[in-house]
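J.: Handing you a structure now.
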Amino acid sequence: MLIYVCVSSHGYGHAARQAAVLAQLHRCHPDWMLVISSMVDEGFLALVLQNLPVIRRRVRWDVGMLQADALGSDRQATLVALQVLEASLPRQLDAEEAWIRSHNSQVIVIGDVPPAAAALADRLDAPLIWMGNFGWDDIYSPLGDAFLPWAQKAAAAYRRGSLLLRCPFSMAMDWSLPERQLTLVAGTPNPLPGDLQDRLRGDPRSKVLVGFGGLGLTLDPGLYGFWPQHLFLLTTPQESRHLPELRTMENVLLLPSGVRPLDVMPLCDRHLGKPGFSSFCEAMACGLGLHVVRRHGFAEADVLMEGLRAHSAHCILSRECLDSGDWQLDQPLVPASGQPLSSSGAEQAADAVQSVAESLVKKS
């Protein structure tokens with residue numbers, strides 16, 4: 001069985017949750033061929049797919065929303081990129097169809113959530129499973145007339161699936177498909193290197209994981225100095241101009257290469273970042289309090305914030321609070337209005353894929 005996963009290149013969260021599902025599938029079916037197809041950063045894919053025998057195909061299946069930074073979107077650049085992708089998709093589909101057929105295997109296509117996955121599944125006459133908490137039809141529809149044709153194309157593609165695995169914190173996704181509701185989709189933390197674990201356990205300060213997704217967000221390093229009673233854990237920023245200063249700060253620790261943010265979450269108390277599906281799932285699964293900066297102009301953020309208020313202790317910050325260092329880490333968190341969610345979503349998704357595979361085998 002060949003499982004071919006088309007992953008949005010929009011951000012890291014899509015790839016992170018698919019890595020969690022692929023890990024579950026590999027545990028149950030080590031003989032299956034697992035493929036992840038995306039233009040997400042290779043370094044990030046290597047990090048989340050550690051030790052998993054997953055083939056990586058470099059294909060841009062969608063545009064999503066191009067971002068000015070971690071908290072802002074660029075609509076005009078997005079429209080231009082959509083037109084460029086439309087012209088290149090037929091060639092990419094030809095190449096991927098030929099590559100998949102060369103393996104002479106039964107195929108299941110999973111889309112998270114590029115509409116073009118429907119065209120690939122059609123060519124292969126393969127079952128198509130959508131998995132996500134929104135579709136690009138949900139995102140493009142509110143953005144005005146220029147985006148309406150793209151929203152309509154996406155909605156038509158989504159209706160050609162055979163199953164929707166609906167993640168928590170979801171938008172409408174009104175595609176007239178059979179559905180299965182998932183709980184939190186999160187991977188399993190890996191053991192930390194001994195020296196790092198000893199350092200974190202031996203430090204009495206409250207530990208705060210800082211993360212703003214794939215693009216990141218450049219914060220003035222001096223802001224960390226406002227909180228000397230806290231230890232801030234950061235991935236090494238893509239932008240290097242602040243690295244020398246960050247490395248010398250007493251209360252900043254840059255995570256070593258090969259250590260995922262998820263891996264240190266069990267030893268952290270709070271998470272400072274933006275609304276993001278995978279960071280929410282991982283932090284909630286590990287019991288972290290979430291300090292979240294409001295994001296405007298991207299419809300998914302609203303449903304994520306609703307889920308935050310319902311299922312996690314939290315603190316909501318304005319962009320002004322973030323930029324001034326008023327992070328309210330010394331304040332009690334607002335309790336969740338509802339119950340916590342279980343973290344079995346990856347297992348549920350893997351079970352659903354296995355059921356589709358069993359049906360495919362029986363038909364053949």
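Going through the structure tokens in order, the chains are called A, B, and so on, while each chain numbers its residues from 1 and the ligands are numbered from 1 in the order shown.
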Taking only segment 101-272 of chain A into account, list the residues labelled alpha helix (DSSP H) by DSSP (computed from the backbone), as a ChimeraX atom specification.
T.: /A:101,117-124,136-140,148-158,194-202,243-248,261-264
J.: Export C-alpha atoms of the chosen residues as an mmCIF file, in the first residue's frame?
T.:
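So the final result, stored in selection_38.cif, reads:
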data_model
loop_
_atom_site.group_PDB
_atom_site.id
_atom_site.type_symbol
_atom_site.label_atom_id
_atom_site.label_comp_id
_atom_site.auth_asym_id
_atom_site.auth_seq_id
_atom_site.Cartn_x
_atom_site.Cartn_y
_atom_site.Cartn_z
ATOM 1 C CA ARG A 101 2.414 4.428 -11.101
ATOM 2 C CA ALA A 117 -4.854 16.636 -4.383
ATOM 3 C CA ALA A 118 -8.279 15.922 -5.924
ATOM 4 C CA ALA A 119 -6.830 16.079 -9.441
ATOM 5 C CA LEU A 120 -4.074 13.636 -8.485
ATOM 6 C CA ALA A 121 -6.550 11.192 -6.923
ATOM 7 C CA ASP A 122 -8.773 11.438 -10.021
ATOM 8 C CA ARG A 123 -5.878 10.566 -12.320
ATOM 9 C CA LEU A 124 -4.977 7.564 -10.171
ATOM 10 C CA TRP A 136 -8.860 27.259 1.291
ATOM 11 C CA ASP A 137 -12.465 27.908 0.288
ATOM 12 C CA ASP A 138 -13.072 28.974 3.910
ATOM 13 C CA ILE A 139 -10.035 31.259 3.846
ATOM 14 C CA TYR A 140 -10.508 32.853 0.422
ATOM 15 C CA LEU A 148 -13.973 34.274 -5.135
ATOM 16 C CA PRO A 149 -13.048 32.161 -8.210
ATOM 17 C CA TRP A 150 -10.256 30.520 -6.215
ATOM 18 C CA ALA A 151 -12.634 29.805 -3.347
ATOM 19 C CA GLN A 152 -15.129 28.205 -5.731
ATOM 20 C CA LYS A 153 -12.455 26.047 -7.393
ATOM 21 C CA ALA A 154 -11.249 24.865 -4.001
ATOM 22 C CA ALA A 155 -14.768 24.018 -2.809
ATOM 23 C CA ALA A 156 -15.446 21.965 -5.952
ATOM 24 C CA ALA A 157 -12.206 20.022 -5.461
ATOM 25 C CA TYR A 158 -12.939 19.289 -1.803
ATOM 26 C CA GLY A 194 20.772 13.989 29.049
ATOM 27 C CA ASP A 195 22.639 17.275 29.499
ATOM 28 C CA LEU A 196 19.695 19.322 28.264
ATOM 29 C CA GLN A 197 17.232 17.436 30.456
ATOM 30 C CA ASP A 198 19.451 17.894 33.516
ATOM 31 C CA ARG A 199 19.848 21.597 32.799
ATOM 32 C CA LEU A 200 16.109 22.167 32.472
ATOM 33 C CA ARG A 201 15.177 20.070 35.496
ATOM 34 C CA GLY A 202 17.830 21.792 37.587
ATOM 35 C CA LEU A 243 21.998 35.354 17.391
ATOM 36 C CA PRO A 244 25.114 36.716 19.131
ATOM 37 C CA GLU A 245 23.011 38.654 21.640
ATOM 38 C CA LEU A 246 20.586 35.778 22.256
ATOM 39 C CA ARG A 247 23.435 33.365 22.925
ATOM 40 C CA THR A 248 24.809 35.566 25.683
ATOM 41 C CA PRO A 261 9.782 22.286 20.437
ATOM 42 C CA LEU A 262 7.428 19.378 21.216
ATOM 43 C CA ASP A 263 10.285 17.506 22.906
ATOM 44 C CA VAL A 264 10.801 20.188 25.575
#
J.: Name the residues in contact with Ser342 of chain A at a cut-off of 12 Å, using only C-alpha atoms, excluding same-chain residues fewer than 4 positions from it; report them as a VMD selection string.
T.: chain A and resid 168 182 to 186 281 to 282 284 to 287 311 to 312 346 to 348
J.: Could you name the residues that touch Cys167 of chain A at 12 Å or less, counting only C-alpha atoms, but leaving out those on the same chain fewer than 5 positions away, as a ChimeraX atom specification?
T.: /A:14,17-18,112-113,130-135,172-173,179-186,277-278,281,303-304,307,341,343-346,348-349
J.: Would you write out those residues with N, CA and C atoms, as an mmCIF file, in the first residue's frame?
T.:
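What landed in again_27.cif:
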data_model
loop_
_atom_site.group_PDB
_atom_site.id
_atom_site.type_symbol
_atom_site.label_atom_id
_atom_site.label_comp_id
_atom_site.auth_asym_id
_atom_site.auth_seq_id
_atom_site.Cartn_x
_atom_site.Cartn_y
_atom_site.Cartn_z
ATOM 1 N N HIS A 14 0.607 21.931 9.091
ATOM 2 C CA HIS A 14 0.068 20.844 8.275
ATOM 3 C C HIS A 14 1.038 19.656 8.270
ATOM 4 N N ARG A 17 1.272 17.794 11.805
ATOM 5 C CA ARG A 17 0.209 16.855 12.163
ATOM 6 C C ARG A 17 0.240 15.618 11.270
ATOM 7 N N GLN A 18 0.656 15.775 10.007
ATOM 8 C CA GLN A 18 0.758 14.594 9.155
ATOM 9 C C GLN A 18 1.914 13.697 9.589
ATOM 10 N N ASP A 112 -3.964 17.571 2.792
ATOM 11 C CA ASP A 112 -3.970 18.464 3.964
ATOM 12 C C ASP A 112 -3.362 19.802 3.557
ATOM 13 N N VAL A 113 -4.168 20.675 3.017
ATOM 14 C CA VAL A 113 -5.454 20.539 2.368
ATOM 15 C C VAL A 113 -5.394 21.168 0.971
ATOM 16 N N TRP A 130 -9.486 13.769 2.873
ATOM 17 C CA TRP A 130 -9.093 15.113 3.313
ATOM 18 C C TRP A 130 -8.902 15.093 4.828
ATOM 19 N N MET A 131 -7.893 15.802 5.290
ATOM 20 C CA MET A 131 -7.694 15.947 6.734
ATOM 21 C C MET A 131 -7.285 17.375 7.023
ATOM 22 N N GLY A 132 -8.021 18.024 7.912
ATOM 23 C CA GLY A 132 -7.670 19.400 8.247
ATOM 24 C C GLY A 132 -8.696 20.034 9.150
ATOM 25 N N ASN A 133 -8.459 21.302 9.444
ATOM 26 C CA ASN A 133 -9.418 22.078 10.229
ATOM 27 C C ASN A 133 -9.970 23.260 9.439
ATOM 28 N N PHE A 134 -9.559 23.373 8.164
ATOM 29 C CA PHE A 134 -10.157 24.361 7.261
ATOM 30 C C PHE A 134 -9.800 23.955 5.839
ATOM 31 N N GLY A 135 -10.507 24.557 4.891
ATOM 32 C CA GLY A 135 -10.125 24.450 3.490
ATOM 33 C C GLY A 135 -9.850 25.845 2.965
ATOM 34 N N ALA A 172 -15.967 25.762 8.568
ATOM 35 C CA ALA A 172 -17.182 25.111 8.057
ATOM 36 C C ALA A 172 -16.880 23.802 7.336
ATOM 37 N N MET A 173 -15.955 23.828 6.376
ATOM 38 C CA MET A 173 -15.602 22.631 5.593
ATOM 39 C C MET A 173 -16.872 21.904 5.153
ATOM 40 N N GLU A 179 -17.812 12.141 7.360
ATOM 41 C CA GLU A 179 -16.825 12.765 8.238
ATOM 42 C C GLU A 179 -16.490 11.875 9.426
ATOM 43 N N ARG A 180 -15.292 12.095 9.940
ATOM 44 C CA ARG A 180 -14.912 11.526 11.224
ATOM 45 C C ARG A 180 -14.244 12.630 12.034
ATOM 46 N N GLN A 181 -14.757 12.875 13.227
ATOM 47 C CA GLN A 181 -14.214 13.936 14.079
ATOM 48 C C GLN A 181 -12.996 13.425 14.832
ATOM 49 N N LEU A 182 -11.911 14.201 14.780
ATOM 50 C CA LEU A 182 -10.690 13.861 15.494
ATOM 51 C C LEU A 182 -10.540 14.713 16.748
ATOM 52 N N THR A 183 -9.789 14.194 17.709
ATOM 53 C CA THR A 183 -9.390 15.003 18.857
ATOM 54 C C THR A 183 -8.024 15.625 18.539
ATOM 55 N N LEU A 184 -7.297 16.095 19.540
ATOM 56 C CA LEU A 184 -6.016 16.761 19.309
ATOM 57 C C LEU A 184 -5.071 15.865 18.507
ATOM 58 N N VAL A 185 -4.471 16.434 17.474
ATOM 59 C CA VAL A 185 -3.519 15.693 16.647
ATOM 60 C C VAL A 185 -2.122 16.191 17.006
ATOM 61 N N ALA A 186 -1.391 15.361 17.732
ATOM 62 C CA ALA A 186 -0.060 15.760 18.193
ATOM 63 C C ALA A 186 0.858 14.555 18.207
ATOM 64 N N PHE A 277 -2.510 25.749 14.689
ATOM 65 C CA PHE A 277 -3.160 24.476 14.999
ATOM 66 C C PHE A 277 -2.228 23.522 15.735
ATOM 67 N N SER A 278 -1.071 23.236 15.169
ATOM 68 C CA SER A 278 -0.209 22.221 15.765
ATOM 69 C C SER A 278 0.389 22.681 17.085
ATOM 70 N N CYS A 281 -2.360 22.157 19.585
ATOM 71 C CA CYS A 281 -2.558 20.740 19.903
ATOM 72 C C CYS A 281 -1.437 20.213 20.791
ATOM 73 N N VAL A 303 -11.365 30.714 14.738
ATOM 74 C CA VAL A 303 -11.815 29.437 15.297
ATOM 75 C C VAL A 303 -10.753 28.855 16.228
ATOM 76 N N LEU A 304 -9.489 29.123 15.942
ATOM 77 C CA LEU A 304 -8.446 28.679 16.864
ATOM 78 C C LEU A 304 -8.592 29.369 18.219
ATOM 79 N N GLY A 307 -11.368 27.807 20.160
ATOM 80 C CA GLY A 307 -10.918 26.559 20.748
ATOM 81 C C GLY A 307 -9.998 26.780 21.929
ATOM 82 N N LEU A 341 -9.344 18.475 25.762
ATOM 83 C CA LEU A 341 -9.507 17.481 24.702
ATOM 84 C C LEU A 341 -8.455 16.388 24.857
ATOM 85 N N SER A 343 -5.723 13.600 23.421
ATOM 86 C CA SER A 343 -4.677 13.762 22.401
ATOM 87 C C SER A 343 -4.541 12.522 21.532
ATOM 88 N N SER A 344 -5.665 11.927 21.179
ATOM 89 C CA SER A 344 -5.643 10.676 20.404
ATOM 90 C C SER A 344 -5.956 10.883 18.925
ATOM 91 N N GLY A 345 -5.890 12.125 18.439
ATOM 92 C CA GLY A 345 -6.288 12.403 17.061
ATOM 93 C C GLY A 345 -5.447 11.705 16.015
ATOM 94 N N ALA A 346 -4.136 11.585 16.246
ATOM 95 C CA ALA A 346 -3.280 10.915 15.259
ATOM 96 C C ALA A 346 -3.647 9.442 15.140
ATOM 97 N N GLN A 348 -6.607 8.159 15.789
ATOM 98 C CA GLN A 348 -7.912 8.093 15.143
ATOM 99 C C GLN A 348 -7.775 8.244 13.629
ATOM 100 N N ALA A 349 -6.918 9.185 13.206
ATOM 101 C CA ALA A 349 -6.720 9.387 11.770
ATOM 102 C C ALA A 349 -6.090 8.155 11.126
#
J.: Select from segment 25-166 of chain A everything DSSP, run on the backbone, classes as strand (DSSP E or B), then give the selection as a list of chain:residue names.
T.: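 So the strand (DSSP E or B) residues in segment 25-166 of chain A would be A:Met33, A:Leu34, A:Val35, A:Ile36, A:Ser37, A:Val54, A:Ile55, A:Arg56, A:Arg57, A:Gln67, A:Ala68, A:Asp69, A:Gly72, A:Ser73, A:Val107, A:Ile108, A:Val109, A:Ile110, A:Gly111, A:Asp112, A:Leu128, A:Ile129, A:Trp130, A:Met131, A:Gly132, A:Leu163, A:Leu164, A:Leu165, A:Arg166.
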J.: Atom CA of Pro204 of chain A and atom CA of Leu288 of chain A are how many Å apart?
T.: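 Spanning atom CA of Pro204 of chain A to atom CA of Leu288 of chain A is a straight-line distance of 16.8 Å.
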J.: Measuring between only C-alpha atoms, which one of A:Leu272, A:Val210, A:Ala350, A:Leu231 shows the shortest distance to Ala19 of chain A?
T.: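 Using only C-alpha atoms, Ala19 of chain A sits closest to A:Ala350.
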J.: Can I get the residues of segment 95-147 of chain A within 10 Å of segment 78-87 of chain A, each with the closest pair of atoms and their distance in Å to one decimal, using only C-alpha atoms, sorted chain first then ascending number, as CSV?
T.:
residue,atom,partner,partner_atom,distance
A:Ala116,CA,A:Glu86,CA,9.5
A:Ala146,CA,A:Leu79,CA,7.9
A:Phe147,CA,A:Leu79,CA,7.5
J.: With distances taken over only C-alpha atoms, which residue among A:Ala301, A:Leu234, A:Ile3, A:Ala16 lies nearest Pro30 of chain A?
T.: A:Ile3
J.: Hey, can you check how far atom CA of Gln328 of chain A sits from atom CA of Leu217 of chain A?
T.: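 Taking atom CA of Gln328 of chain A and atom CA of Leu217 of chain A, their separation equals 18.7 Å.
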J.: Give the answer as one residue: which of A:Phe298, A:Trp327, A:Tyr224, A:Tyr4 has the shortest atom-to-atom distance to Val109 of chain A, using only C-alpha atoms?
T.: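 Of the candidates, the smallest distance to Val109 of chain A is held by A:Tyr4.
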J.: I'd like the neighbourhood of Glu96 of chain A as a list in words, where a residue qualifies if any of its atoms comes within 10 Å (using only C-alpha atoms), though same-chain residues fewer than 4 positions away should be ignored.
T.: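 The residues that qualify are Ser37, Arg57, Val59, Arg91, Gln92, Ile100, Arg101, Ser102 and Leu120 of chain A.
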J.: What does the structure give for the distance between atom CA of Glu306 of chain A and atom CA of Pro237 of chain A, in Å to one decimal?
T.: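 According to the coordinates, atom CA of Glu306 of chain A and atom CA of Pro237 of chain A are separated by 29.1 Å.
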J.: Name the closest residue to Ser206 of chain A among the candidates A:Ala23, A:Leu223, A:Leu93, A:Leu267; distances are taken between atoms, counting only C-alpha atoms.
T.: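 Closest candidate: A:Leu267.
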J.: Between A:Asn190, A:Ser8, A:Thr218, A:Ser257, which has the minimum distance to Gly64 of chain A (counting only C-alpha atoms)?
T.: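 Of the candidates, the smallest distance to Gly64 of chain A is held by A:Ser8.
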J.: Restricting the calculation to only C-alpha atoms, which member of A:Ser337, A:Gln67, A:Gln76, A:Ser364 is positioned closest to Arg295 of chain A?
T.: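 Residue with the minimum atom-to-atom distance to Arg295 of chain A: A:Gln67.
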J.: Near segment 318-320 of chain A, counting only C-alpha atoms, which residues have an atom at most 8 Å away, once you skip same-chain residues fewer than 2 positions from it, shown as a PyMOL selection string?
T.: chain A and resi 293-294+316+322-324
